[in-house]
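data10.pdb (PDB, C-alpha atoms) appears below.
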```
ATOM      1  CA  ASN A 444      72.846 136.816 122.221  1.00  0.00           C
ATOM      2  CA  ARG A 445      74.396 134.317 124.591  1.00  0.00           C
ATOM      3  CA  PRO A 446      77.027 131.999 123.119  1.00  0.00           C
ATOM      4  CA  GLY A 447      75.898 128.367 123.243  1.00  0.00           C
ATOM      5  CA  HIS A 448      78.787 127.267 125.481  1.00  0.00           C
ATOM      6  CA  VAL A 449      77.826 129.749 128.250  1.00  0.00           C
ATOM      7  CA  PRO A 450      75.434 128.052 130.688  1.00  0.00           C
ATOM      8  CA  VAL A 451      72.311 129.692 132.027  1.00  0.00           C
ATOM      9  CA  VAL A 452      71.940 129.239 135.771  1.00  0.00           C
ATOM     10  CA  ARG A 453      69.407 130.279 138.352  1.00  0.00           C
ATOM     11  CA  LEU A 454      70.830 131.767 141.504  1.00  0.00           C
ATOM     12  CA  VAL A 455      68.822 131.263 144.671  1.00  0.00           C
ATOM     13  CA  ASP A 456      69.991 133.478 147.508  1.00  0.00           C
ATOM     14  CA  PRO A 457      68.939 132.153 150.949  1.00  0.00           C
ATOM     15  CA  ALA A 458      68.944 135.716 152.324  1.00  0.00           C
ATOM     16  CA  PHE A 459      66.461 136.737 149.626  1.00  0.00           C
ATOM     17  CA  GLN A 460      64.218 133.792 150.554  1.00  0.00           C
ATOM     18  CA  THR A 461      64.297 134.849 154.201  1.00  0.00           C
ATOM     19  CA  GLY A 462      63.611 138.477 153.343  1.00  0.00           C
ATOM     20  CA  MET A 463      60.668 137.549 151.133  1.00  0.00           C
ATOM     21  CA  ALA A 464      59.222 135.259 153.808  1.00  0.00           C
ATOM     22  CA  GLU A 465      59.520 138.108 156.333  1.00  0.00           C
ATOM     23  CA  TYR A 466      57.725 140.520 153.985  1.00  0.00           C
ATOM     24  CA  VAL A 467      54.926 138.054 153.258  1.00  0.00           C
ATOM     25  CA  ILE A 468      54.466 136.952 156.874  1.00  0.00           C
ATOM     26  CA  TYR A 469      54.376 140.559 158.086  1.00  0.00           C
ATOM     27  CA  ASN A 470      51.662 141.515 155.605  1.00  0.00           C
ATOM     28  CA  VAL A 471      49.640 138.329 156.084  1.00  0.00           C
ATOM     29  CA  LEU A 472      49.627 138.915 159.847  1.00  0.00           C
ATOM     30  CA  ARG A 473      48.788 142.581 159.347  1.00  0.00           C
ATOM     31  CA  PHE A 474      45.690 141.701 157.325  1.00  0.00           C
ATOM     32  CA  HIS A 475      44.787 138.607 159.355  1.00  0.00           C
ATOM     33  CA  ARG A 476      44.847 140.540 162.644  1.00  0.00           C
ATOM     34  CA  ARG A 477      42.971 143.473 161.037  1.00  0.00           C
ATOM     35  CA  PHE A 478      45.683 146.017 161.842  1.00  0.00           C
ATOM     36  CA  PRO A 479      44.609 148.443 159.070  1.00  0.00           C
ATOM     37  CA  GLU A 480      41.199 148.694 160.750  1.00  0.00           C
ATOM     38  CA  TYR A 481      42.787 149.249 164.161  1.00  0.00           C
ATOM     39  CA  GLU A 482      45.028 151.956 162.684  1.00  0.00           C
ATOM     40  CA  ASP A 483      41.922 153.709 161.318  1.00  0.00           C
ATOM     41  CA  LEU A 484      40.235 153.440 164.714  1.00  0.00           C
ATOM     42  CA  GLN A 485      43.291 154.912 166.426  1.00  0.00           C
ATOM     43  CA  ARG A 486      43.303 157.893 164.047  1.00  0.00           C
ATOM     44  CA  SER A 487      39.625 158.413 164.879  1.00  0.00           C
ATOM     45  CA  GLY A 488      40.119 157.965 168.629  1.00  0.00           C
ATOM     46  CA  LEU A 489      37.682 155.057 168.750  1.00  0.00           C
ATOM     47  CA  TRP A 490      37.908 152.005 170.997  1.00  0.00           C
ATOM     48  CA  VAL A 491      36.315 149.117 169.082  1.00  0.00           C
ATOM     49  CA  GLU A 492      37.288 145.494 169.515  1.00  0.00           C
ATOM     50  CA  HIS A 493      37.160 143.278 166.422  1.00  0.00           C
ATOM     51  CA  ALA A 494      36.607 139.544 166.600  1.00  0.00           C
ATOM     52  CA  GLN A 495      39.704 137.529 165.734  1.00  0.00           C
ATOM     53  CA  ILE A 496      39.712 134.194 163.980  1.00  0.00           C
ATOM     54  CA  PRO A 497      42.385 131.526 164.420  1.00  0.00           C
ATOM     55  CA  PRO A 498      45.010 131.130 161.686  1.00  0.00           C
ATOM     56  CA  SER A 499      43.577 127.703 160.859  1.00  0.00           C
ATOM     57  CA  SER A 500      40.402 129.460 159.698  1.00  0.00           C
ATOM     58  CA  ARG A 501      42.228 131.996 157.490  1.00  0.00           C
ATOM     59  CA  LYS A 502      42.713 130.889 153.889  1.00  0.00           C
ATOM     60  CA  ILE A 503      45.992 132.065 152.363  1.00  0.00           C
ATOM     61  CA  GLY A 504      46.702 131.585 148.655  1.00  0.00           C
ATOM     62  CA  ILE A 505      50.241 131.614 147.279  1.00  0.00           C
ATOM     63  CA  LEU A 506      50.181 132.355 143.555  1.00  0.00           C
ATOM     64  CA  GLY A 507      53.474 130.946 142.302  1.00  0.00           C
ATOM     65  CA  MET A 508      55.019 127.974 144.090  1.00  0.00           C
ATOM     66  CA  GLY A 509      58.633 128.339 143.035  1.00  0.00           C
ATOM     67  CA  VAL A 510      61.484 128.643 145.516  1.00  0.00           C
ATOM     68  CA  LEU A 511      60.131 131.859 147.083  1.00  0.00           C
ATOM     69  CA  GLY A 512      56.484 130.792 147.091  1.00  0.00           C
ATOM     70  CA  SER A 513      57.329 127.439 148.639  1.00  0.00           C
ATOM     71  CA  ALA A 514      59.429 129.084 151.376  1.00  0.00           C
ATOM     72  CA  CYS A 515      56.585 131.477 152.192  1.00  0.00           C
ATOM     73  CA  ALA A 516      54.004 128.667 152.150  1.00  0.00           C
ATOM     74  CA  GLU A 517      56.100 126.574 154.571  1.00  0.00           C
ATOM     75  CA  SER A 518      56.435 129.528 156.957  1.00  0.00           C
ATOM     76  CA  LEU A 519      52.685 130.207 156.891  1.00  0.00           C
ATOM     77  CA  VAL A 520      51.860 126.525 157.432  1.00  0.00           C
ATOM     78  CA  ALA A 521      54.188 126.581 160.457  1.00  0.00           C
ATOM     79  CA  LEU A 522      52.114 129.479 161.842  1.00  0.00           C
ATOM     80  CA  GLY A 523      48.946 127.385 161.482  1.00  0.00           C
ATOM     81  CA  PHE A 524      47.350 129.047 158.444  1.00  0.00           C
ATOM     82  CA  ASP A 525      45.184 127.206 155.893  1.00  0.00           C
ATOM     83  CA  VAL A 526      47.516 127.526 152.892  1.00  0.00           C
ATOM     84  CA  SER A 527      46.876 126.777 149.218  1.00  0.00           C
ATOM     85  CA  GLY A 528      49.338 127.122 146.394  1.00  0.00           C
ATOM     86  CA  TRP A 529      48.894 127.565 142.660  1.00  0.00           C
ATOM     87  CA  SER A 530      51.486 126.807 140.005  1.00  0.00           C
ATOM     88  CA  ARG A 531      51.557 126.123 136.299  1.00  0.00           C
ATOM     89  CA  SER A 532      52.211 122.420 136.847  1.00  0.00           C
ATOM     90  CA  PRO A 533      51.392 120.177 139.829  1.00  0.00           C
ATOM     91  CA  LYS A 534      53.491 120.746 142.965  1.00  0.00           C
ATOM     92  CA  SER A 535      53.289 118.967 146.288  1.00  0.00           C
ATOM     93  CA  LEU A 536      54.242 120.557 149.594  1.00  0.00           C
ATOM     94  CA  PRO A 537      53.259 119.195 153.034  1.00  0.00           C
ATOM     95  CA  GLY A 538      50.309 121.044 154.523  1.00  0.00           C
ATOM     96  CA  VAL A 539      49.606 123.016 151.326  1.00  0.00           C
ATOM     97  CA  ALA A 540      46.563 122.344 149.133  1.00  0.00           C
ATOM     98  CA  GLY A 541      47.804 122.274 145.552  1.00  0.00           C
ATOM     99  CA  PHE A 542      46.132 123.817 142.514  1.00  0.00           C
ATOM    100  CA  HIS A 543      47.614 124.059 139.051  1.00  0.00           C
ATOM    101  CA  GLY A 544      47.002 125.103 135.487  1.00  0.00           C
ATOM    102  CA  SER A 545      44.346 127.363 134.070  1.00  0.00           C
ATOM    103  CA  ASP A 546      41.631 124.928 135.205  1.00  0.00           C
ATOM    104  CA  GLY A 547      42.714 125.208 138.842  1.00  0.00           C
ATOM    105  CA  LEU A 548      43.163 128.974 138.990  1.00  0.00           C
ATOM    106  CA  THR A 549      39.531 129.956 139.613  1.00  0.00           C
ATOM    107  CA  SER A 550      39.071 127.321 142.332  1.00  0.00           C
ATOM    108  CA  PHE A 551      42.305 128.533 143.937  1.00  0.00           C
ATOM    109  CA  LEU A 552      41.141 132.174 143.858  1.00  0.00           C
ATOM    110  CA  HIS A 553      37.768 131.231 145.410  1.00  0.00           C
ATOM    111  CA  LYS A 554      39.708 130.047 148.488  1.00  0.00           C
ATOM    112  CA  SER A 555      42.141 132.957 148.752  1.00  0.00           C
ATOM    113  CA  GLU A 556      41.142 135.389 151.494  1.00  0.00           C
ATOM    114  CA  ILE A 557      44.699 136.721 151.469  1.00  0.00           C
ATOM    115  CA  LEU A 558      46.344 136.283 148.074  1.00  0.00           C
ATOM    116  CA  VAL A 559      50.140 136.438 147.827  1.00  0.00           C
ATOM    117  CA  CYS A 560      51.510 136.847 144.289  1.00  0.00           C
ATOM    118  CA  LEU A 561      55.055 135.578 143.760  1.00  0.00           C
ATOM    119  CA  LEU A 562      54.770 134.618 140.103  1.00  0.00           C
ATOM    120  CA  PRO A 563      57.455 135.153 137.500  1.00  0.00           C
ATOM    121  CA  LEU A 564      56.461 137.525 134.717  1.00  0.00           C
ATOM    122  CA  THR A 565      55.601 135.696 131.511  1.00  0.00           C
ATOM    123  CA  ALA A 566      53.180 136.294 128.646  1.00  0.00           C
ATOM    124  CA  GLU A 567      50.707 134.069 130.525  1.00  0.00           C
ATOM    125  CA  THR A 568      51.051 135.815 133.891  1.00  0.00           C
ATOM    126  CA  GLU A 569      50.986 139.445 132.733  1.00  0.00           C
ATOM    127  CA  ASP A 570      47.708 141.076 133.879  1.00  0.00           C
ATOM    128  CA  VAL A 571      46.675 137.890 135.739  1.00  0.00           C
ATOM    129  CA  LEU A 572      45.432 139.984 138.680  1.00  0.00           C
ATOM    130  CA  ASN A 573      42.554 141.651 136.905  1.00  0.00           C
ATOM    131  CA  HIS A 574      38.831 142.268 137.329  1.00  0.00           C
ATOM    132  CA  ASP A 575      37.954 138.585 136.832  1.00  0.00           C
ATOM    133  CA  ALA A 576      40.572 137.405 139.329  1.00  0.00           C
ATOM    134  CA  PHE A 577      39.459 139.896 141.981  1.00  0.00           C
ATOM    135  CA  ALA A 578      35.795 138.960 141.394  1.00  0.00           C
ATOM    136  CA  ALA A 579      36.661 135.277 141.923  1.00  0.00           C
ATOM    137  CA  MET A 580      38.142 135.957 145.366  1.00  0.00           C
ATOM    138  CA  PRO A 581      35.951 136.078 148.483  1.00  0.00           C
ATOM    139  CA  ARG A 582      34.528 139.551 149.084  1.00  0.00           C
ATOM    140  CA  GLY A 583      36.752 141.523 151.445  1.00  0.00           C
ATOM    141  CA  SER A 584      39.945 139.661 150.517  1.00  0.00           C
ATOM    142  CA  TYR A 585      43.437 141.121 150.539  1.00  0.00           C
ATOM    143  CA  LEU A 586      46.239 141.205 147.962  1.00  0.00           C
ATOM    144  CA  ILE A 587      49.975 141.068 148.595  1.00  0.00           C
ATOM    145  CA  ASN A 588      52.010 141.502 145.404  1.00  0.00           C
ATOM    146  CA  ALA A 589      55.749 140.908 145.639  1.00  0.00           C
ATOM    147  CA  GLY A 590      56.002 139.255 142.217  1.00  0.00           C
ATOM    148  CA  ARG A 591      56.045 141.745 139.349  1.00  0.00           C
ATOM    149  CA  GLY A 592      54.159 144.997 138.840  1.00  0.00           C
ATOM    150  CA  ARG A 593      52.769 143.910 135.488  1.00  0.00           C
ATOM    151  CA  HIS A 594      50.814 141.099 137.133  1.00  0.00           C
ATOM    152  CA  VAL A 595      48.295 143.671 138.397  1.00  0.00           C
ATOM    153  CA  VAL A 596      45.877 145.615 136.223  1.00  0.00           C
ATOM    154  CA  GLU A 597      46.084 148.746 138.349  1.00  0.00           C
ATOM    155  CA  GLU A 598      42.725 150.218 137.292  1.00  0.00           C
ATOM    156  CA  ASP A 599      41.006 146.919 138.138  1.00  0.00           C
ATOM    157  CA  LEU A 600      42.622 146.839 141.585  1.00  0.00           C
ATOM    158  CA  LEU A 601      41.512 150.414 142.298  1.00  0.00           C
ATOM    159  CA  GLU A 602      37.963 149.505 141.226  1.00  0.00           C
ATOM    160  CA  ALA A 603      37.946 146.365 143.411  1.00  0.00           C
ATOM    161  CA  LEU A 604      39.185 148.398 146.391  1.00  0.00           C
ATOM    162  CA  GLY A 605      36.487 150.997 145.736  1.00  0.00           C
ATOM    163  CA  THR A 606      33.696 148.423 145.787  1.00  0.00           C
ATOM    164  CA  GLY A 607      35.075 146.554 148.814  1.00  0.00           C
ATOM    165  CA  GLN A 608      35.636 143.370 146.817  1.00  0.00           C
ATOM    166  CA  ILE A 609      39.278 143.748 147.843  1.00  0.00           C
ATOM    167  CA  ALA A 610      39.694 145.147 151.365  1.00  0.00           C
ATOM    168  CA  GLY A 611      43.349 146.127 151.101  1.00  0.00           C
ATOM    169  CA  ALA A 612      46.619 145.615 149.286  1.00  0.00           C
ATOM    170  CA  ALA A 613      50.312 145.520 150.127  1.00  0.00           C
ATOM    171  CA  LEU A 614      52.322 146.257 146.995  1.00  0.00           C
ATOM    172  CA  ASP A 615      56.082 145.975 146.625  1.00  0.00           C
ATOM    173  CA  VAL A 616      56.264 146.046 142.806  1.00  0.00           C
ATOM    174  CA  PHE A 617      54.683 148.323 140.214  1.00  0.00           C
ATOM    175  CA  ARG A 618      54.251 148.715 136.464  1.00  0.00           C
ATOM    176  CA  THR A 619      56.424 151.820 136.585  1.00  0.00           C
ATOM    177  CA  GLU A 620      59.303 151.937 139.059  1.00  0.00           C
ATOM    178  CA  PRO A 621      59.975 154.093 140.838  1.00  0.00           C
ATOM    179  CA  LEU A 622      56.289 154.699 141.354  1.00  0.00           C
ATOM    180  CA  PRO A 623      55.500 158.168 139.917  1.00  0.00           C
ATOM    181  CA  PRO A 624      54.865 160.828 142.608  1.00  0.00           C
ATOM    182  CA  ASP A 625      51.309 161.468 141.360  1.00  0.00           C
ATOM    183  CA  HIS A 626      50.304 157.787 141.249  1.00  0.00           C
ATOM    184  CA  PRO A 627      47.050 157.106 143.175  1.00  0.00           C
ATOM    185  CA  PHE A 628      48.623 154.172 145.041  1.00  0.00           C
ATOM    186  CA  TRP A 629      50.694 156.580 147.169  1.00  0.00           C
ATOM    187  CA  THR A 630      47.670 158.140 148.846  1.00  0.00           C
ATOM    188  CA  HIS A 631      45.081 155.348 148.653  1.00  0.00           C
ATOM    189  CA  PRO A 632      43.939 154.554 152.208  1.00  0.00           C
ATOM    190  CA  LYS A 633      43.688 150.802 151.512  1.00  0.00           C
ATOM    191  CA  ILE A 634      47.097 150.376 149.854  1.00  0.00           C
ATOM    192  CA  ARG A 635      50.449 149.995 151.566  1.00  0.00           C
ATOM    193  CA  VAL A 636      53.384 150.820 149.262  1.00  0.00           C
ATOM    194  CA  THR A 637      56.890 149.486 149.933  1.00  0.00           C
TER     195      THR A 637
END
```

Could the structure of this file be written out as C-alpha cells, please?
Amino acid sequence: NRPGHVPVVRLVDPAFQTGMAEYVIYNVLRFHRRFPEYEDLQRSGLWVEHAQIPPSSRKIGILGMGVLGSACAESLVALGFDVSGWSRSPKSLPGVAGFHGSDGLTSFLHKSEILVCLLPLTAETEDVLNHDAFAAMPRGSYLINAGRGRHVVEEDLLEALGTGQIAGAALDVFRTEPLPPDHPFWTHPKIRVT
C-alpha cells in the first residue's frame, strides 16, 4: 500500500507519444493504401491495380482519447483523414468528431473503417473488442490495437477475420506476453504482430 503522503503522478513521455503516433500512422497508411493486398499480389506474381480513395473519405476511429489517442488523432487529421474519437466522457479536439459513453460507442464503431485502440485497461474496457464490437464496424474494417491485450477477445477477432467482417489487424499487445510460439496470431495471414 502507498503511504498517503506519497503523491501519485502520471508521467507523459513525449518520445513515447511520438513513437505511438508513428506506429499508428504507419499501420493506418498500410491499411488505407491496401498494402497487405499488394503484398499478396506480389507473392502471387500478379499485377492488379486497386482503386485508391482519398484520406478524407477514410473513416478512422480512435478508441481512447487520452494523451496518446489525442496525439494520434491530431496527426491523422493533419494527413487529411476523417477522424472520430471515443472516450468515457466528452472530449473536444479540432477536426475530430467526438463520441463518448456507452451510448456513443456503437455509433462510433459504425463509422470506424480503421479502428485504433489506445484505451487504458479497466473493468469496463476489458474484452471491449468482441464479437458485438466487430459486428458493429463496417464490413471489411481493420483493427490496430496498441492499448492492452485484454481489450481483444482473441477468438472473436479470429472469427471476424475468418468471415471477412474484419479485413486485417495490426497487434502490438496480447493477453499473454510474450506471445506463445504456438499462438495462431503468429501465422495468421491477416494479422501483423509487433

query = If the PyMOL selection byres ((chain A and resi 511) around 9) is run on the structure shown, which residues does it catch, given as number ranges by chain?
reply = A: 459-461, 463-464, 507-510, 512-516, 561

note = A straight line from CA of Ile557 in chain A to CA of Ser535 in chain A spans 20.4 Å

message = Quick one: residues within 12 Å of range 488-502 of chain A, all atoms listed in the file, excluding same-chain residues fewer than 5 positions away - as a PyMOL selection string?
response = chain A and resi 471-472+474-483+516+519-528+538-540+551-559+580-581+584-585

ask   = If we count all atoms listed in the file, what is near Ala612 in chain A at a cut-off of 8 Å, once residues fewer than 2 positions away on the same chain are taken out, given as number ranges by chain?
value = A: 585-588, 609-610, 614, 633-635

Per-axis box centre and lengths in Å around range 571-587 of chain A, 5 Å margin per side, axis-aligned, as JSON:
```
{"center_x": 42.3, "center_y": 138.8, "center_z": 143.6, "size_x": 25.4, "size_y": 17.0, "size_z": 25.7}
```

query = By how many Å are CA of Gly605 in chain A and CA of His631 in chain A apart?
reply =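 Separation between CA of Gly605 in chain A and CA of His631 in chain A: 10.1 Å.
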
request  = To one decimal in Å, tell me the separation between CA of Glu620 in chain A and CA of Pro563 in chain A.
outcome  =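 CA of Pro563 in chain A lies 17.0 Å from CA of Glu620 in chain A.
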
task = Rank A:Asp615, A:Asp570, A:Asp546, A:Glu517 by their smallest atom-to-atom distance to Ser532 in chain A, using all atoms listed in the file, and report the top residue only.
result =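 Closest candidate: A:Asp546.
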
request  = Check the smallest atom-to-atom distance from each of A:Ile505, A:Leu562, A:Leu484, A:Val636 to Val616 in chain A using only C-alpha atoms, then report the winner.
outcome  =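 Among A:Ile505, A:Leu562, A:Leu484, A:Val636, it is A:Val636 that comes nearest to Val616 in chain A.
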
Because the input lacks atoms here, generate all heavy atoms for range 577-588 of chain A and report them as a short mmCIF file (atom, residue, chain, number, x, y, z; two decimals), in the frame of the given file.
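File written: result32.cif
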```
data_model
loop_
_atom_site.label_atom_id
_atom_site.label_comp_id
_atom_site.auth_asym_id
_atom_site.auth_seq_id
_atom_site.Cartn_x
_atom_site.Cartn_y
_atom_site.Cartn_z
N PHE A 577 39.94 139.29 140.74
CA PHE A 577 39.46 139.90 141.98
C PHE A 577 38.02 139.48 142.26
O PHE A 577 37.65 139.22 143.41
CB PHE A 577 39.58 141.42 141.92
CG PHE A 577 41.00 141.90 141.76
CD1 PHE A 577 41.30 142.90 140.85
CD2 PHE A 577 42.04 141.35 142.49
CE1 PHE A 577 42.60 143.36 140.69
CE2 PHE A 577 43.35 141.78 142.34
CZ PHE A 577 43.63 142.79 141.43
N ALA A 578 37.20 139.38 141.22
CA ALA A 578 35.80 138.96 141.39
C ALA A 578 35.70 137.52 141.87
O ALA A 578 34.74 137.15 142.56
CB ALA A 578 35.03 139.15 140.09
N ALA A 579 36.68 136.69 141.52
CA ALA A 579 36.66 135.28 141.92
C ALA A 579 37.04 135.08 143.39
O ALA A 579 36.72 134.05 143.99
CB ALA A 579 37.60 134.46 141.03
N MET A 580 37.72 136.06 143.97
CA MET A 580 38.14 135.96 145.37
C MET A 580 36.97 136.25 146.30
O MET A 580 36.02 136.94 145.91
CB MET A 580 39.29 136.93 145.62
CG MET A 580 40.56 136.59 144.84
SD MET A 580 41.79 137.91 144.84
CE MET A 580 42.22 137.99 146.57
N PRO A 581 37.02 135.74 147.54
CA PRO A 581 35.95 136.08 148.48
C PRO A 581 35.89 137.59 148.71
O PRO A 581 36.92 138.26 148.74
CB PRO A 581 36.38 135.36 149.77
CG PRO A 581 37.31 134.28 149.33
CD PRO A 581 38.01 134.82 148.12
N ARG A 582 34.68 138.11 148.85
CA ARG A 582 34.53 139.55 149.08
C ARG A 582 35.26 139.95 150.36
O ARG A 582 35.19 139.27 151.38
CB ARG A 582 33.05 139.91 149.19
CG ARG A 582 32.84 141.41 149.38
CD ARG A 582 31.40 141.82 149.15
NE ARG A 582 31.23 143.24 149.34
CZ ARG A 582 31.57 144.17 148.44
NH1 ARG A 582 32.07 143.80 147.28
NH2 ARG A 582 31.39 145.45 148.69
N GLY A 583 35.99 141.06 150.29
CA GLY A 583 36.75 141.52 151.44
C GLY A 583 38.13 140.90 151.57
O GLY A 583 38.75 140.98 152.63
N SER A 584 38.61 140.28 150.50
CA SER A 584 39.94 139.66 150.52
C SER A 584 41.03 140.71 150.42
O SER A 584 40.77 141.90 150.18
CB SER A 584 40.08 138.69 149.33
OG SER A 584 39.20 137.61 149.47
N TYR A 585 42.26 140.25 150.58
CA TYR A 585 43.44 141.12 150.54
C TYR A 585 44.42 140.61 149.49
O TYR A 585 44.48 139.41 149.21
CB TYR A 585 44.14 141.14 151.89
CG TYR A 585 43.31 141.73 152.99
CD1 TYR A 585 42.48 140.92 153.77
CD2 TYR A 585 43.34 143.09 153.26
CE1 TYR A 585 41.71 141.46 154.78
CE2 TYR A 585 42.56 143.64 154.27
CZ TYR A 585 41.76 142.81 155.02
OH TYR A 585 40.99 143.35 156.02
N LEU A 586 45.22 141.53 148.95
CA LEU A 586 46.24 141.21 147.96
C LEU A 586 47.60 141.64 148.47
O LEU A 586 47.76 142.77 148.95
CB LEU A 586 45.94 141.91 146.63
CG LEU A 586 47.05 141.83 145.58
CD1 LEU A 586 47.25 140.40 145.10
CD2 LEU A 586 46.75 142.77 144.42
N ILE A 587 48.57 140.74 148.35
CA ILE A 587 49.98 141.07 148.60
C ILE A 587 50.71 140.74 147.30
O ILE A 587 50.73 139.59 146.87
CB ILE A 587 50.56 140.23 149.76
CG1 ILE A 587 49.78 140.49 151.05
CG2 ILE A 587 52.05 140.50 149.93
CD1 ILE A 587 50.07 139.50 152.16
N ASN A 588 51.27 141.76 146.64
CA ASN A 588 52.01 141.50 145.40
C ASN A 588 53.48 141.83 145.60
O ASN A 588 53.86 142.98 145.74
CB ASN A 588 51.46 142.30 144.22
CG ASN A 588 52.13 141.89 142.92
OD1 ASN A 588 52.71 140.81 142.81
ND2 ASN A 588 52.05 142.74 141.92
#
```
